[in-house]
>>> print(open('final_9.cif').read())   # mmCIF, C-alpha atoms and all ligand atoms
data_coords
#
loop_
_atom_site.label_atom_id
_atom_site.label_comp_id
_atom_site.auth_asym_id
_atom_site.auth_seq_id
_atom_site.Cartn_x
_atom_site.Cartn_y
_atom_site.Cartn_z
CA MET A 1 90.49 98.80 90.68
CA GLN A 2 87.45 98.07 88.54
CA TRP A 3 88.65 99.50 85.27
CA LEU A 4 92.12 97.98 85.51
CA ARG A 5 90.63 94.52 85.96
CA ARG A 6 88.47 95.05 82.91
CA LEU A 7 91.46 96.44 81.03
CA PHE A 8 93.29 93.15 81.20
CA GLN A 9 90.24 91.26 80.01
CA ARG A 10 90.03 93.22 76.80
CA ASN A 11 91.99 92.79 73.64
CA ARG A 12 92.48 96.49 73.21
CA PRO A 13 92.81 98.06 76.66
CA GLN A 14 91.58 101.62 76.88
CA ILE A 15 91.66 104.05 79.78
CA PRO A 16 88.14 105.53 80.14
CA GLU A 17 88.02 109.16 78.93
CA VAL A 18 86.64 110.61 82.18
CA LEU A 19 89.36 108.92 84.24
CA TRP A 20 92.03 110.07 81.78
CA HIS A 21 90.87 113.69 81.86
CA ASP A 22 90.73 113.68 85.67
CA CYS A 23 94.29 112.34 85.80
CA VAL A 24 95.63 114.78 83.19
CA ALA A 25 94.20 117.62 85.30
CA ARG A 26 96.36 116.42 88.23
CA MET A 27 99.53 116.85 86.11
CA PRO A 28 99.81 120.53 85.16
CA PHE A 29 103.13 119.89 83.42
CA LEU A 30 101.15 118.17 80.64
CA ARG A 31 99.43 121.43 79.66
CA ARG A 32 102.07 122.15 77.03
CA LEU A 33 101.09 119.00 75.12
CA SER A 34 98.85 119.16 72.05
CA ASP A 35 95.72 116.99 71.79
CA ALA A 36 97.64 114.63 69.50
CA ASP A 37 100.48 114.38 72.05
CA LEU A 38 98.02 113.65 74.86
CA LEU A 39 96.33 110.95 72.81
CA ARG A 40 99.70 109.33 72.13
CA LEU A 41 100.61 109.58 75.82
CA LYS A 42 97.34 107.85 76.72
CA GLN A 43 98.04 105.04 74.25
CA LEU A 44 101.56 104.59 75.62
CA ALA A 45 100.21 104.48 79.20
CA GLU A 46 97.66 101.85 78.13
CA THR A 47 100.34 99.75 76.46
CA LEU A 48 102.64 100.10 79.47
CA LEU A 49 99.91 98.91 81.86
CA ASP A 50 98.97 96.11 79.51
CA THR A 51 102.47 94.81 78.82
CA LYS A 52 104.31 95.50 82.08
CA GLY A 53 101.52 95.54 84.63
CA ILE A 54 101.30 97.44 87.89
CA THR A 55 101.24 95.64 91.23
CA ALA A 56 100.28 96.86 94.68
CA ALA A 57 102.52 95.98 97.62
CA GLY A 58 102.53 96.68 101.34
CA GLY A 59 98.73 96.83 101.54
CA LEU A 60 98.23 99.61 98.98
CA ASP A 61 94.69 99.87 97.63
CA LEU A 62 95.66 100.28 93.99
CA SER A 63 92.98 102.49 92.44
CA ASP A 64 92.49 103.10 88.73
CA GLU A 65 93.61 106.67 89.33
CA ILE A 66 96.93 105.60 90.84
CA ALA A 67 97.56 103.20 87.95
CA VAL A 68 96.85 105.86 85.32
CA LEU A 69 98.82 108.63 87.08
CA VAL A 70 101.87 106.38 87.39
CA ALA A 71 101.63 105.04 83.84
CA ALA A 72 101.15 108.48 82.28
CA GLN A 73 104.17 109.95 84.09
CA ALA A 74 106.22 106.87 83.18
CA ALA A 75 105.23 107.24 79.53
CA LEU A 76 106.09 110.96 79.35
CA PRO A 77 109.90 110.57 78.88
CA VAL A 78 109.37 108.16 75.97
CA LEU A 79 106.49 110.10 74.38
CA ASN A 80 108.59 110.84 71.27
CA LEU A 81 110.87 107.83 71.60
CA SER A 82 109.83 104.24 72.20
CA LEU A 83 108.48 102.08 75.01
CA ASP A 84 111.28 99.74 74.00
CA LEU A 85 113.49 101.85 76.31
CA TYR A 86 111.63 100.12 79.16
CA ARG A 87 112.19 96.63 77.79
CA ASP A 88 114.58 95.90 80.67
CA MET A 89 111.82 96.28 83.27
CA ALA A 90 109.93 93.47 84.93
CA GLY A 91 106.99 95.61 86.03
CA ILE A 92 105.86 98.47 88.26
CA ILE A 93 105.35 97.95 92.01
CA VAL A 94 103.66 100.58 94.16
CA TYR A 95 103.81 100.77 97.96
CA PRO A 96 101.52 103.04 99.99
CA SER A 97 104.49 104.97 101.43
CA ALA A 98 108.28 104.76 101.75
CA PHE A 99 109.48 101.18 101.61
CA ILE A 100 112.43 99.72 103.48
CA VAL A 101 115.39 98.35 101.56
CA SER A 102 118.08 96.33 103.35
CA HIS A 103 121.72 96.89 102.48
CA SER A 104 124.78 94.87 103.33
CA GLU A 105 128.40 95.81 102.72
CA VAL A 106 131.73 94.27 103.70
CA ASP A 107 134.36 96.85 104.64
CA GLU A 108 138.12 96.54 104.02
CA ASP A 109 138.57 94.78 107.39
CA GLY A 110 136.05 92.12 106.37
CA VAL A 111 133.40 93.44 108.77
CA VAL A 112 129.86 93.13 107.45
CA HIS A 113 127.75 96.26 107.82
CA GLU A 114 124.00 95.94 107.48
CA TRP A 115 121.53 98.77 107.47
CA GLN A 116 118.05 99.62 106.31
CA GLU A 117 116.98 102.62 104.30
CA PRO A 118 113.48 103.96 103.58
CA LEU A 119 113.11 104.80 99.87
CA SER A 120 110.53 106.79 97.91
CA GLY A 121 111.46 104.99 94.71
CA GLU A 122 113.91 102.52 93.25
CA ALA A 123 114.78 101.33 89.77
CA VAL A 124 116.17 97.83 90.08
CA ASN A 125 118.99 97.04 87.66
CA SER A 126 119.29 94.04 85.31
CA GLY A 127 115.69 93.47 84.36
CA GLY A 128 114.23 94.46 87.72
CA ALA A 129 111.10 96.43 88.49
CA VAL A 130 110.49 100.09 89.15
CA VAL A 131 109.30 100.41 92.75
CA LEU A 132 107.48 103.52 93.94
CA SER A 133 106.01 105.00 97.10
CA TRP A 134 102.56 106.36 96.25
CA GLU A 135 102.70 108.82 99.17
CA ASP A 136 105.82 110.39 97.67
CA ALA A 137 104.51 110.32 94.09
CA GLN A 138 101.31 111.98 95.29
CA TYR A 139 103.24 114.57 97.31
CA ASP A 140 105.19 115.54 94.18
CA LEU A 141 101.96 116.19 92.28
CA ASP A 142 100.29 118.07 95.15
CA ASP A 143 103.44 120.12 95.71
CA LEU A 144 103.30 121.58 92.20
CA GLY A 145 100.37 123.84 92.98
CA ASP A 146 99.30 125.82 89.95
CA LEU A 147 102.06 125.53 87.40
CA GLY A 148 100.31 128.27 85.45
CA GLN A 149 102.75 130.30 87.50
CA PRO A 150 106.25 129.09 86.67
CA GLY A 151 107.45 129.08 90.29
CA SER A 152 111.07 128.99 91.27
CA GLY A 153 113.48 126.34 92.40
CA ALA A 154 113.45 122.65 91.64
CA ALA A 155 110.36 120.48 91.28
CA CYS A 156 110.56 116.78 92.05
CA ASN A 157 108.87 113.81 90.45
CA VAL A 158 109.80 110.38 91.76
CA VAL A 159 108.06 108.55 88.89
CA ILE A 160 110.00 110.35 86.15
CA HIS A 161 113.16 110.03 88.26
CA GLU A 162 112.98 106.24 88.49
CA PHE A 163 111.94 105.71 84.88
CA SER A 164 114.81 107.88 83.64
CA HIS A 165 117.12 105.60 85.66
CA LYS A 166 115.56 102.65 83.84
CA ILE A 167 116.43 104.26 80.49
CA ASP A 168 119.96 105.01 81.74
CA MET A 169 120.36 101.38 82.90
CA LEU A 170 119.94 100.01 79.39
CA ARG A 171 123.69 100.55 78.97
CA GLY A 172 124.41 98.70 82.25
CA ASP A 173 124.89 100.45 85.56
CA ALA A 174 123.22 103.85 85.61
CA ASN A 175 125.84 106.55 85.00
CA GLY A 176 123.99 109.46 83.41
CA TYR A 177 124.82 108.37 79.86
CA PRO A 178 121.63 106.82 78.47
CA PRO A 179 121.59 104.77 75.25
CA PHE A 180 121.43 106.74 72.01
CA LEU A 181 118.96 105.31 69.52
CA ALA A 182 120.07 105.16 65.87
CA LYS A 183 116.62 106.25 64.77
CA TYR A 184 116.40 109.36 66.92
CA HIS A 185 119.73 110.44 68.34
CA GLN A 186 122.06 110.77 65.37
CA GLY A 187 122.24 114.51 65.99
CA ILE A 188 123.61 114.19 69.52
CA SER A 189 127.36 114.04 69.97
CA ALA A 190 128.38 111.56 72.68
CA GLU A 191 131.40 113.76 73.35
CA LEU A 192 129.29 116.90 73.84
CA TRP A 193 126.90 114.93 76.07
CA GLN A 194 129.66 113.73 78.33
CA GLN A 195 131.44 117.09 78.41
CA GLY A 196 128.19 118.97 79.08
CA PHE A 197 127.02 116.69 81.87
CA THR A 198 130.46 116.45 83.47
CA ARG A 199 130.75 120.25 83.54
CA ALA A 200 127.23 120.82 84.90
CA TYR A 201 127.61 118.09 87.53
CA ALA A 202 130.86 119.63 88.77
CA ASP A 203 129.33 123.11 88.83
CA PHE A 204 126.22 121.97 90.69
CA SER A 205 128.26 120.00 93.22
CA ALA A 206 130.42 123.09 93.85
CA ARG A 207 127.31 125.27 94.33
CA LEU A 208 125.93 122.81 96.85
CA ASP A 209 129.29 122.60 98.66
CA VAL A 210 129.29 126.37 99.15
CA LEU A 211 125.81 126.21 100.69
CA GLU A 212 126.57 123.20 102.87
CA GLN A 213 129.56 125.00 104.35
CA GLN A 214 127.01 127.30 105.98
CA LEU A 215 125.50 124.42 107.95
CA PRO A 216 126.29 124.28 111.67
CA PRO A 217 128.81 121.61 112.80
CA ASP A 218 126.10 119.76 114.75
CA PHE A 219 123.81 119.53 111.71
CA ASP A 220 121.67 116.39 111.93
CA PRO A 221 119.76 115.56 108.70
CA ASP A 222 117.36 113.33 110.66
CA ASP A 223 116.25 116.23 112.85
CA PRO A 224 113.13 117.83 111.25
CA ALA A 225 114.25 121.34 112.24
CA CYS A 226 117.64 120.75 110.60
CA ALA A 227 115.97 119.29 107.51
CA ALA A 228 113.76 122.38 107.20
CA HIS A 229 116.84 124.58 107.52
CA TYR A 230 118.56 122.57 104.79
CA ASP A 231 115.53 122.84 102.49
CA ALA A 232 115.43 126.62 102.98
CA LEU A 233 119.16 126.90 102.33
CA THR A 234 118.96 124.94 99.08
CA ALA A 235 115.53 126.15 97.89
CA ALA A 236 116.92 128.49 95.24
CA LEU A 237 119.05 125.83 93.57
CA PRO A 238 117.90 124.96 90.04
CA LEU A 239 117.91 121.23 90.85
CA ASP A 240 117.18 119.12 93.90
CA PRO A 241 120.41 118.74 95.96
CA TYR A 242 120.29 114.98 95.43
CA ALA A 243 121.58 115.65 91.90
CA ALA A 244 125.05 116.09 93.42
CA TYR A 245 125.07 112.55 94.82
CA HIS A 246 126.24 110.81 91.62
CA PRO A 247 126.26 111.54 87.84
CA ALA A 248 123.41 109.02 87.43
CA GLU A 249 121.35 110.98 89.98
CA PHE A 250 122.21 114.23 88.20
CA PHE A 251 120.71 112.82 84.99
CA ALA A 252 117.59 111.54 86.80
CA VAL A 253 117.05 114.75 88.79
CA ALA A 254 117.68 116.89 85.69
CA SER A 255 115.11 114.74 83.84
CA GLU A 256 112.54 115.41 86.59
CA ALA A 257 113.17 119.13 86.32
CA PHE A 258 113.12 118.99 82.51
CA PHE A 259 109.61 117.53 82.43
CA VAL A 260 108.02 119.16 85.46
CA ARG A 261 109.46 122.68 85.87
CA PRO A 262 112.23 123.24 83.35
CA ALA A 263 112.72 127.03 83.58
CA PRO A 264 115.10 127.20 86.59
CA MET A 265 117.28 124.39 85.21
CA ALA A 266 117.24 125.82 81.67
CA ALA A 267 118.38 129.21 83.03
CA ALA A 268 121.22 127.71 85.10
CA TYR A 269 122.27 124.95 82.70
CA PRO A 270 121.10 125.80 79.16
CA GLU A 271 123.40 123.15 77.72
CA ILE A 272 121.74 120.43 79.83
CA TYR A 273 118.29 121.66 78.82
CA ARG A 274 119.35 121.51 75.14
CA LEU A 275 120.84 118.02 75.45
CA LEU A 276 117.80 116.66 77.29
CA SER A 277 115.52 118.32 74.76
CA GLN A 278 117.43 116.59 71.96
CA TYR A 279 117.44 113.29 73.82
CA TYR A 280 113.78 113.18 74.81
CA ARG A 281 112.76 114.99 71.60
CA GLN A 282 110.52 117.37 73.54
CA ASP A 283 110.67 121.12 74.11
CA THR A 284 109.27 121.37 77.61
CA LEU A 285 109.75 125.15 77.80
CA SER A 286 107.24 125.62 75.02
CA ALA A 287 103.77 126.91 75.93
CA ALA A 288 100.74 124.69 75.39
ZN ZN B 1 117.91 108.04 91.81
#
>>> encode(input="final_9.cif", output="structure tokens", more="lines below")
Ligand SMILES: [Zn+2]
Amino acid sequence: MQWLRRLFQRNRPQIPEVLWHDCVARMPFLRRLSDADLLRLKQLAETLLDTKGITAAGGLDLSDEIAVLVAAQAALPVLNLSLDLYRDMAGIIVYPSAFIVSHSEVDEDGVVHEWQEPLSGEAVNSGGAVVLSWEDAQYDLDDLGDLGQPGSGAACNVVIHEFSHKIDMLRGDANGYPPFLAKYHQGISAELWQQGFTRAYADFSARLDVLEQQLPPDFDPDDPACAAHYDALTAALPLDPYAAYHPAEFFAVASEAFFVRPAPMAAAYPEIYRLLSQYYRQDTLSAA
């Protein structure tokens, strides 16, 4: 992590050009950006690393490349907005692979249930950090292949997912209704936002229900063969099935799709594409 150490010793941190170009080449969804956009993205990534910091956990060897890839993807949603949308974030923590989070819940009979869950990413509410699994973040980039060909189905991006949750959380608990900024979002109707997202969430949930009814009664999501069957069954959906879990997840998953591979989502939910385009102030369907 040679460069990152030097970065924090300088007054004006700068990502070296060669490193930046190598990282940009790993993110084909940035090809639509102009040179001026890319320069602004680089400056935002530098400021994010400088002000928030990125910390390795769980034995990760945090390379310069990892730091820049994470920061650049984190900066993309706020490219035409403001890093202030991340003000409620303590920092960025990166684990080498899925990390275990412990949960505890008391049921209506007063019985405490405790369980552990491996996560690929988490945005911690109320001033907490964004926590990421590098293995999963790397998988999302490798899985894109050559985006010169639009591809079909949903594309995932755990970094954009968690940072869009962070934006959403500025209003409190994430609910898919991010804060509207007076400077940028005067043209968006809160009513149209809520109607549009409510309608699309209901439609997507219904589409997924129809597919899940085709699953055998003994379906076990932890069985790799069953998981592969599920992936094949849901591959043609315009969004990752996790979008149906909660309206906040719908917003985060739709944000991933919007930035990484917008065409399938824009075709299925043009209203959501339009609202996200107005919100993020980017037209991700545009050619480079
Ligand atoms: Zn989520």
>>> residues_near_ligand(input="final_9.cif", ligand="ligand ZN 1 (chain B)", cutoff="12 Å", atoms="only C-alpha atoms and all ligand atoms", output="ChimeraX atom specification")
/A:119-125,130-132,156-166,168-169,174-176,240-256
>>> write_last_selection(input="final_9.cif", atoms="C-alpha atoms", output="compact mmCIF listing (two decimals), keeping the file's coordinate frame")
# COMPACT_ATOMS: atom_id res chain seq x y z
CA LEU A 119 113.11 104.80 99.87
CA SER A 120 110.53 106.79 97.91
CA GLY A 121 111.46 104.99 94.71
CA GLU A 122 113.91 102.52 93.25
CA ALA A 123 114.78 101.33 89.77
CA VAL A 124 116.17 97.83 90.08
CA ASN A 125 118.99 97.04 87.66
CA VAL A 130 110.49 100.09 89.15
CA VAL A 131 109.30 100.41 92.75
CA LEU A 132 107.48 103.52 93.94
CA CYS A 156 110.56 116.78 92.05
CA ASN A 157 108.87 113.81 90.45
CA VAL A 158 109.80 110.38 91.76
CA VAL A 159 108.06 108.55 88.89
CA ILE A 160 110.00 110.35 86.15
CA HIS A 161 113.16 110.03 88.26
CA GLU A 162 112.98 106.24 88.49
CA PHE A 163 111.94 105.71 84.88
CA SER A 164 114.81 107.88 83.64
CA HIS A 165 117.12 105.60 85.66
CA LYS A 166 115.56 102.65 83.84
CA ASP A 168 119.96 105.01 81.74
CA MET A 169 120.36 101.38 82.90
CA ALA A 174 123.22 103.85 85.61
CA ASN A 175 125.84 106.55 85.00
CA GLY A 176 123.99 109.46 83.41
CA ASP A 240 117.18 119.12 93.90
CA PRO A 241 120.41 118.74 95.96
CA TYR A 242 120.29 114.98 95.43
CA ALA A 243 121.58 115.65 91.90
CA ALA A 244 125.05 116.09 93.42
CA TYR A 245 125.07 112.55 94.82
CA HIS A 246 126.24 110.81 91.62
CA PRO A 247 126.26 111.54 87.84
CA ALA A 248 123.41 109.02 87.43
CA GLU A 249 121.35 110.98 89.98
CA PHE A 250 122.21 114.23 88.20
CA PHE A 251 120.71 112.82 84.99
CA ALA A 252 117.59 111.54 86.80
CA VAL A 253 117.05 114.75 88.79
CA ALA A 254 117.68 116.89 85.69
CA SER A 255 115.11 114.74 83.84
CA GLU A 256 112.54 115.41 86.59
>>> residues_around(input="final_9.cif", residues="Ala235 (chain A)", least_positions_apart="2", cutoff="8 Å", atoms="only C-alpha atoms", output="NGL selection string")
:A and (153-154 or 231-233 or 237)
>>> write_last_selection(input="final_9.cif", atoms="C-alpha atoms", output="mmCIF file, in the coordinates of the input")
data_model
loop_
_atom_site.group_PDB
_atom_site.id
_atom_site.type_symbol
_atom_site.label_atom_id
_atom_site.label_comp_id
_atom_site.auth_asym_id
_atom_site.auth_seq_id
_atom_site.Cartn_x
_atom_site.Cartn_y
_atom_site.Cartn_z
ATOM 1 C CA GLY A 153 113.480 126.340 92.400
ATOM 2 C CA ALA A 154 113.450 122.650 91.640
ATOM 3 C CA ASP A 231 115.530 122.840 102.490
ATOM 4 C CA ALA A 232 115.430 126.620 102.980
ATOM 5 C CA LEU A 233 119.160 126.900 102.330
ATOM 6 C CA LEU A 237 119.050 125.830 93.570
#
>>> closest_residue(input="final_9.cif", among="A:Ala267, A:Val260, A:Ala225, A:Leu60", to="Pro28 (chain A)", atoms="all atoms listed in the file")
A:Val260
>>> closest_atom_pairs(input="final_9.cif", of="region 129-180 of chain A", to="region 272-283 of chain A", cutoff="10 Å", atoms="only C-alpha atoms", output="CSV")
residue,atom,partner,partner_atom,distance
A:Pro178,CA,A:Tyr279,CA,9.0
A:Pro179,CA,A:Tyr279,CA,9.6
A:Phe180,CA,A:Tyr279,CA,7.9
>>> atom_distance(input="final_9.cif", atom1="CA of Pro264 (chain A)", atom2="CA of Leu285 (chain A)")
10.5 Å
>>> residues_near_point(input="final_9.cif", point="(92.3, 106.4, 76.3)", cutoff="8 Å", atoms="all atoms listed in the file", output="tab-separated table (two decimals) with C-alpha atoms, in the frame of the given file")
chain	number	residue	atom	x	y	z
A	14	GLN	CA	91.58	101.62	76.88
A	15	ILE	CA	91.66	104.05	79.78
A	16	PRO	CA	88.14	105.53	80.14
A	17	GLU	CA	88.02	109.16	78.93
A	20	TRP	CA	92.03	110.07	81.78
A	39	LEU	CA	96.33	110.95	72.81
A	42	LYS	CA	97.34	107.85	76.72
A	43	GLN	CA	98.04	105.04	74.25
A	46	GLU	CA	97.66	101.85	78.13
>>> atom_distance(input="final_9.cif", atom1="CA of Leu48 (chain A)", atom2="CA of Glu117 (chain A)")
28.8 Å
>>> atom_distance(input="final_9.cif", atom1="CA of Lys52 (chain A)", atom2="CA of Arg31 (chain A)")
26.5 Å
>>> closest_residue(input="final_9.cif", among="A:Cys23, A:Ala200, A:Leu239, A:Ala57", to="Phe99 (chain A)", atoms="only C-alpha atoms")
A:Ala57
>>> residues_around(input="final_9.cif", residues="Leu79 (chain A)", least_positions_apart="2", cutoff="8 Å", atoms="all atoms listed in the file", output="ChimeraX atom specification")
/A:37,40-41,44,75-77,81-82,280
>>> closest_residue(input="final_9.cif", among="A:Val24, A:Val68, A:Leu38, A:Leu181", to="Asp50 (chain A)", atoms="only C-alpha atoms")
A:Val68
>>> closest_residue(input="final_9.cif", among="A:Tyr230, A:Pro96, A:Val106, A:Asp88", to="Leu170 (chain A)", atoms="only C-alpha atoms")
A:Asp88
>>> closest_residue(input="final_9.cif", among="A:Leu141, A:Val111, A:Val94, A:Ile100", to="Ala25 (chain A)", atoms="only C-alpha atoms")
A:Leu141
>>> residues_near_point(input="final_9.cif", point="(101.7, 102.2, 99.1)", cutoff="10 Å", atoms="all atoms listed in the file", output="ChimeraX atom specification")
/A:56-62,93-99,132-137
>>> residues_around(input="final_9.cif", residues="Arg26 (chain A)", least_positions_apart="2", cutoff="12 Å", atoms="all atoms listed in the file", output="count of residues only")
28
>>> decode(input="final_9.cif", residues="region 88-121 of chain A", atoms="N, CA and C atoms", output="short mmCIF file (atom, residue, chain, number, x, y, z; two decimals), in the first residue's frame")
data_model
loop_
_atom_site.label_atom_id
_atom_site.label_comp_id
_atom_site.auth_asym_id
_atom_site.auth_seq_id
_atom_site.Cartn_x
_atom_site.Cartn_y
_atom_site.Cartn_z
N ASP A 88 -22.55 11.02 6.67
CA ASP A 88 -22.92 10.14 7.78
C ASP A 88 -22.21 8.79 7.63
N MET A 89 -20.91 8.83 7.39
CA MET A 89 -20.16 7.57 7.22
C MET A 89 -18.83 7.70 7.94
N ALA A 90 -18.56 6.73 8.80
CA ALA A 90 -17.34 6.80 9.61
C ALA A 90 -16.10 6.46 8.78
N GLY A 91 -16.26 5.59 7.79
CA GLY A 91 -15.11 5.17 7.00
C GLY A 91 -15.47 3.95 6.19
N ILE A 92 -14.48 3.41 5.49
CA ILE A 92 -14.69 2.23 4.63
C ILE A 92 -13.80 1.11 5.18
N ILE A 93 -14.40 -0.06 5.39
CA ILE A 93 -13.66 -1.20 5.93
C ILE A 93 -13.76 -2.33 4.90
N VAL A 94 -12.64 -2.94 4.57
CA VAL A 94 -12.65 -4.00 3.56
C VAL A 94 -12.09 -5.29 4.14
N TYR A 95 -12.88 -6.34 4.04
CA TYR A 95 -12.47 -7.70 4.43
C TYR A 95 -12.03 -8.46 3.19
N PRO A 96 -11.20 -9.49 3.35
CA PRO A 96 -10.79 -10.26 2.17
C PRO A 96 -11.95 -11.00 1.51
N SER A 97 -12.91 -11.48 2.31
CA SER A 97 -14.04 -12.22 1.75
C SER A 97 -15.25 -11.95 2.63
N ALA A 98 -16.30 -12.75 2.48
CA ALA A 98 -17.53 -12.51 3.25
C ALA A 98 -17.22 -12.47 4.74
N PHE A 99 -17.83 -11.54 5.42
CA PHE A 99 -17.58 -11.38 6.86
C PHE A 99 -18.85 -11.79 7.62
N ILE A 100 -18.63 -12.24 8.84
CA ILE A 100 -19.74 -12.79 9.62
C ILE A 100 -20.32 -11.72 10.53
N VAL A 101 -21.63 -11.55 10.45
CA VAL A 101 -22.31 -10.60 11.32
C VAL A 101 -23.25 -11.39 12.23
N SER A 102 -23.19 -11.08 13.54
CA SER A 102 -24.06 -11.78 14.50
C SER A 102 -25.36 -11.01 14.68
N HIS A 103 -26.46 -11.75 14.71
CA HIS A 103 -27.77 -11.14 14.93
C HIS A 103 -28.39 -11.74 16.18
N SER A 104 -29.23 -10.95 16.82
CA SER A 104 -29.96 -11.43 17.98
C SER A 104 -31.35 -10.82 17.96
N GLU A 105 -32.35 -11.64 18.21
CA GLU A 105 -33.73 -11.15 18.14
C GLU A 105 -34.56 -11.84 19.22
N VAL A 106 -35.42 -11.10 19.86
CA VAL A 106 -36.31 -11.69 20.87
C VAL A 106 -37.68 -11.88 20.23
N ASP A 107 -38.20 -13.12 20.26
CA ASP A 107 -39.50 -13.35 19.62
C ASP A 107 -40.64 -12.99 20.59
N GLU A 108 -41.87 -13.18 20.15
CA GLU A 108 -43.02 -12.71 20.96
C GLU A 108 -43.18 -13.51 22.26
N ASP A 109 -42.53 -14.68 22.34
CA ASP A 109 -42.56 -15.45 23.59
C ASP A 109 -41.39 -15.11 24.50
N GLY A 110 -40.60 -14.11 24.10
CA GLY A 110 -39.46 -13.69 24.92
C GLY A 110 -38.23 -14.57 24.73
N VAL A 111 -38.28 -15.46 23.74
CA VAL A 111 -37.12 -16.33 23.50
C VAL A 111 -36.11 -15.60 22.62
N VAL A 112 -34.85 -15.62 23.06
CA VAL A 112 -33.81 -14.95 22.30
C VAL A 112 -33.28 -15.88 21.20
N HIS A 113 -33.30 -15.39 19.98
CA HIS A 113 -32.74 -16.16 18.86
C HIS A 113 -31.46 -15.47 18.41
N GLU A 114 -30.39 -16.25 18.31
CA GLU A 114 -29.12 -15.69 17.85
C GLU A 114 -28.65 -16.47 16.64
N TRP A 115 -28.17 -15.77 15.65
CA TRP A 115 -27.65 -16.46 14.48
C TRP A 115 -26.58 -15.59 13.82
N GLN A 116 -25.81 -16.25 12.97
CA GLN A 116 -24.74 -15.55 12.28
C GLN A 116 -24.97 -15.61 10.78
N GLU A 117 -24.58 -14.54 10.11
CA GLU A 117 -24.85 -14.45 8.68
C GLU A 117 -23.60 -13.94 7.97
N PRO A 118 -23.14 -14.64 6.91
CA PRO A 118 -22.02 -14.11 6.14
C PRO A 118 -22.53 -13.03 5.18
N LEU A 119 -21.86 -11.88 5.14
CA LEU A 119 -22.31 -10.78 4.27
C LEU A 119 -21.21 -10.40 3.28
N SER A 120 -21.64 -9.94 2.10
CA SER A 120 -20.67 -9.43 1.12
C SER A 120 -20.50 -7.93 1.29
N GLY A 121 -21.44 -7.29 1.98
CA GLY A 121 -21.33 -5.86 2.21
C GLY A 121 -22.36 -5.43 3.23
#
